[in-house]
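Data block for input23.txt (compact mmCIF, C-alpha atoms and all ligand atoms):
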```txt
# COMPACT_ATOMS: atom_id res chain seq x y z
CA MET H 1 0.00 0.00 0.00
CA ARG H 2 2.84 2.38 0.85
CA VAL H 3 4.25 2.11 -2.65
CA ILE H 4 0.94 3.30 -4.04
CA PHE H 5 0.90 6.28 -1.69
CA HIS H 6 4.40 7.36 -2.75
CA SER H 7 3.54 7.23 -6.42
CA LEU H 8 0.69 9.62 -5.79
CA GLY H 9 2.93 12.31 -4.43
CA MET H 10 1.62 14.90 -1.99
CA LYS H 11 -2.11 14.25 -2.18
CA ASP H 12 -4.04 14.08 1.07
CA LYS H 13 -4.70 10.82 2.81
CA GLY H 14 -8.35 10.60 1.79
CA THR H 15 -7.45 10.89 -1.88
CA GLN H 16 -4.73 8.27 -1.46
CA LEU H 17 -7.15 5.88 0.22
CA ALA H 18 -9.76 6.40 -2.48
CA ALA H 19 -7.11 5.66 -5.11
CA SER H 20 -6.03 2.42 -3.47
CA ARG H 21 -9.66 1.41 -3.16
CA LYS H 22 -10.07 1.96 -6.88
CA GLN H 23 -7.00 -0.19 -7.51
CA LEU H 24 -8.37 -2.95 -5.29
CA LEU H 25 -11.66 -2.91 -7.19
CA GLN H 26 -9.70 -3.58 -10.37
CA GLN H 27 -8.28 -6.72 -8.74
CA MET H 28 -11.78 -8.08 -8.23
CA PRO H 29 -12.24 -11.13 -10.46
CA ASP H 30 -15.43 -12.02 -12.29
CA PHE H 31 -17.28 -13.52 -9.36
CA SER H 32 -20.39 -14.78 -11.14
CA THR H 33 -19.01 -18.34 -11.03
CA ILE H 34 -17.56 -18.52 -7.49
CA LEU H 35 -17.82 -21.77 -5.56
CA PRO H 36 -17.30 -22.40 -1.85
CA GLY H 37 -15.35 -25.25 -0.28
CA SER H 38 -12.18 -27.11 -1.15
CA LEU H 39 -11.27 -29.80 -3.62
CA LEU H 40 -9.86 -33.09 -2.41
CA SER H 41 -9.30 -36.49 -3.96
CA ARG H 42 -10.13 -39.81 -2.41
CA MET H 43 -11.34 -43.34 -3.06
CA VAL H 44 -15.13 -43.71 -3.02
CA HIS H 45 -17.12 -46.76 -1.88
CA CYS H 46 -20.37 -47.27 -3.74
CA ASN H 47 -21.79 -49.79 -1.24
CA LYS H 48 -23.42 -51.79 -4.04
CA PRO H 49 -23.64 -55.44 -3.04
CA GLY H 50 -21.14 -57.57 -4.92
CA CYS H 51 -19.04 -54.66 -6.25
CA ARG H 52 -15.51 -56.00 -6.66
CA PHE H 53 -13.96 -52.60 -6.03
CA CYS H 54 -15.71 -52.19 -2.71
CA GLU H 55 -15.54 -55.76 -1.41
CA LYS H 56 -15.27 -55.71 2.36
CA GLY H 57 -11.68 -55.87 3.61
CA LYS H 58 -10.20 -56.19 0.08
CA GLY H 59 -11.66 -53.55 -2.23
CA GLN H 60 -10.00 -50.15 -2.43
CA GLY H 61 -13.13 -48.42 -3.72
CA HIS H 62 -13.47 -46.41 -6.92
CA GLY H 63 -11.18 -43.61 -7.95
CA PRO H 64 -9.34 -41.65 -6.84
CA MET H 65 -12.21 -39.22 -7.39
CA TRP H 66 -12.36 -35.48 -6.98
CA ILE H 67 -14.67 -34.31 -4.22
CA LEU H 68 -15.78 -30.78 -3.55
CA SER H 69 -16.06 -30.52 0.22
CA VAL H 70 -18.33 -27.71 1.40
CA SER H 71 -18.85 -26.79 5.02
CA LEU H 72 -22.52 -26.09 5.81
CA GLY H 73 -21.90 -24.92 9.38
CA ASN H 74 -22.89 -26.85 12.52
CA ARG H 75 -20.09 -29.32 11.72
CA GLN H 76 -22.00 -30.45 8.64
CA VAL H 77 -20.04 -31.01 5.46
CA ARG H 78 -21.44 -31.64 2.00
CA GLN H 79 -19.29 -33.73 -0.33
CA ILE H 80 -19.98 -33.41 -4.02
CA PRO H 81 -18.21 -35.71 -6.52
CA ILE H 82 -16.66 -33.71 -9.37
CA PRO H 83 -16.24 -35.33 -12.80
CA ASN H 84 -12.72 -34.99 -14.24
CA GLU H 85 -13.83 -32.71 -17.06
CA LEU H 86 -15.23 -30.19 -14.56
CA LYS H 87 -12.22 -30.20 -12.23
CA LYS H 88 -10.38 -27.29 -13.87
CA GLU H 89 -13.51 -25.13 -13.90
CA VAL H 90 -14.23 -25.90 -10.24
CA GLU H 91 -10.63 -25.03 -9.30
CA GLU H 92 -10.95 -21.67 -11.04
CA SER H 93 -14.22 -20.98 -9.25
CA LEU H 94 -12.62 -21.79 -5.88
CA ARG H 95 -9.69 -19.48 -6.67
CA ALA H 96 -12.09 -16.71 -7.67
CA PHE H 97 -13.93 -17.09 -4.35
CA ALA H 98 -10.68 -16.80 -2.40
CA GLN H 99 -9.64 -13.75 -4.40
CA VAL H 100 -13.02 -12.04 -3.89
CA GLN H 101 -12.78 -12.61 -0.15
CA LYS H 102 -9.22 -11.27 -0.04
CA VAL H 103 -10.07 -8.12 -2.00
CA LEU H 104 -13.30 -7.57 -0.01
CA LYS H 105 -11.37 -7.61 3.26
CA GLN H 106 -8.80 -5.19 1.89
CA ILE H 107 -11.46 -2.79 0.63
CA ALA H 108 -13.21 -2.95 4.01
CA GLN H 109 -9.89 -2.03 5.68
CA VAL H 110 -9.40 0.92 3.34
CA ASN H 111 -12.96 2.06 4.06
CA LEU H 112 -12.25 1.90 7.79
CA GLU H 113 -9.31 4.22 7.23
CA LEU H 114 -11.44 6.48 5.06
CA LEU H 115 -14.07 6.65 7.78
CA LYS H 116 -11.45 7.70 10.31
CA GLU H 117 -10.16 10.28 7.86
CA ARG H 118 -13.63 11.70 7.23
CA LYS H 119 -14.28 11.96 10.95
CA ARG H 120 -10.96 13.73 11.39
CA GLN H 121 -11.76 16.25 8.66
CA ARG H 122 -15.17 17.15 10.03
CA PRO H 123 -15.60 20.87 10.61
ZN ZN X 201 -18.11 -50.10 -5.66
```
Can you present the structure in this file as structure tokens?
Amino acid sequence: MRVIFHSLGMKDKGTQLAASRKQLLQQMPDFSTILPGSLLSRMVHCNKPGCRFCEKGKGQGHGPMWILSVSLGNRQVRQIPIPNELKKEVEESLRAFAQVQKVLKQIAQVNLELLKERKRQRP
């Protein structure tokens, strides 16, 4: 943030903060496709009777398969199997979510500073 301030020269703090907020907004990804959770891979047991992959004690299950694990709160987790062809897309959506959250927090911080500044400059 300091680097940005220097490049702006002698402008007042409010102007500097508004400028860094504008810059942060430009870092906001397209968030129409965001997804929550995290991607993990594991073997899956289908529990079908007689399945040779899931045979008790011997079978390793199917996979490894990609699972999108989403926390629902109250210690509940939803696990959604992700087909291979959708994996890349899901990864991008997870990254976009993380980026949106990061930028949101930073903008909120800047706005806190702006609020302080506006209070300070009150007549
Ligand atoms: Zn099976």
Compute the set of protein, DNA and RNA residues whose minimum atom distance to ligand ZN 201 (chain X) is at most 7 Å, using all atoms listed in the file, and state it as a PDB file with C-alpha atoms, in the frame of the given file.
```pdb
ATOM      1  CA  HIS H  45     -17.120 -46.760  -1.880  1.00  0.00           C
ATOM      2  CA  CYS H  46     -20.370 -47.270  -3.740  1.00  0.00           C
ATOM      3  CA  ASN H  47     -21.790 -49.790  -1.240  1.00  0.00           C
ATOM      4  CA  LYS H  48     -23.420 -51.790  -4.040  1.00  0.00           C
ATOM      5  CA  CYS H  51     -19.040 -54.660  -6.250  1.00  0.00           C
ATOM      6  CA  ARG H  52     -15.510 -56.000  -6.660  1.00  0.00           C
ATOM      7  CA  PHE H  53     -13.960 -52.600  -6.030  1.00  0.00           C
ATOM      8  CA  CYS H  54     -15.710 -52.190  -2.710  1.00  0.00           C
ATOM      9  CA  GLY H  61     -13.130 -48.420  -3.720  1.00  0.00           C
ATOM     10  CA  HIS H  62     -13.470 -46.410  -6.920  1.00  0.00           C
TER      11      HIS H  62
END
```
Separating atom CA of H:Gln60 from atom CA of H:Met43, to the nearest tenth of an Å, is a gap of 7.0 Å
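Distances to H:Pro81 were evaluated for H:Asn111, H:Val44, H:Met28, H:Leu104 using all atoms listed in the file, and the minimum falls at H:Val44.
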Please list as a PyMOL selection string every residue within 10 Å of H:Asn84, counting only C-alpha atoms and excluding residues in the same chain fewer than 3 positions away.
chain H and resi 65-66+81+87-89
Q | Near-H:Arg21 list (12 Å; all atoms listed in the file; drop same-chain fewer than 4 positions) as number ranges by chain | A | H: 1, 4-5, 14-17, 25-28, 103-114
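Across the model, the gap from atom CA of H:Leu94 to atom CA of H:Val77 is 16.4 Å.
Between atom CA of H:Ser69 and atom CA of H:Val90 the separation is 11.6 Å.
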| request: Write out as a VMD selection string the residues lying within 9 Å of stretch 71-73 of chain H, counting only C-alpha atoms and excluding same-chain residues fewer than 3 positions away. | output: chain H and resid 36 to 37 76 to 79
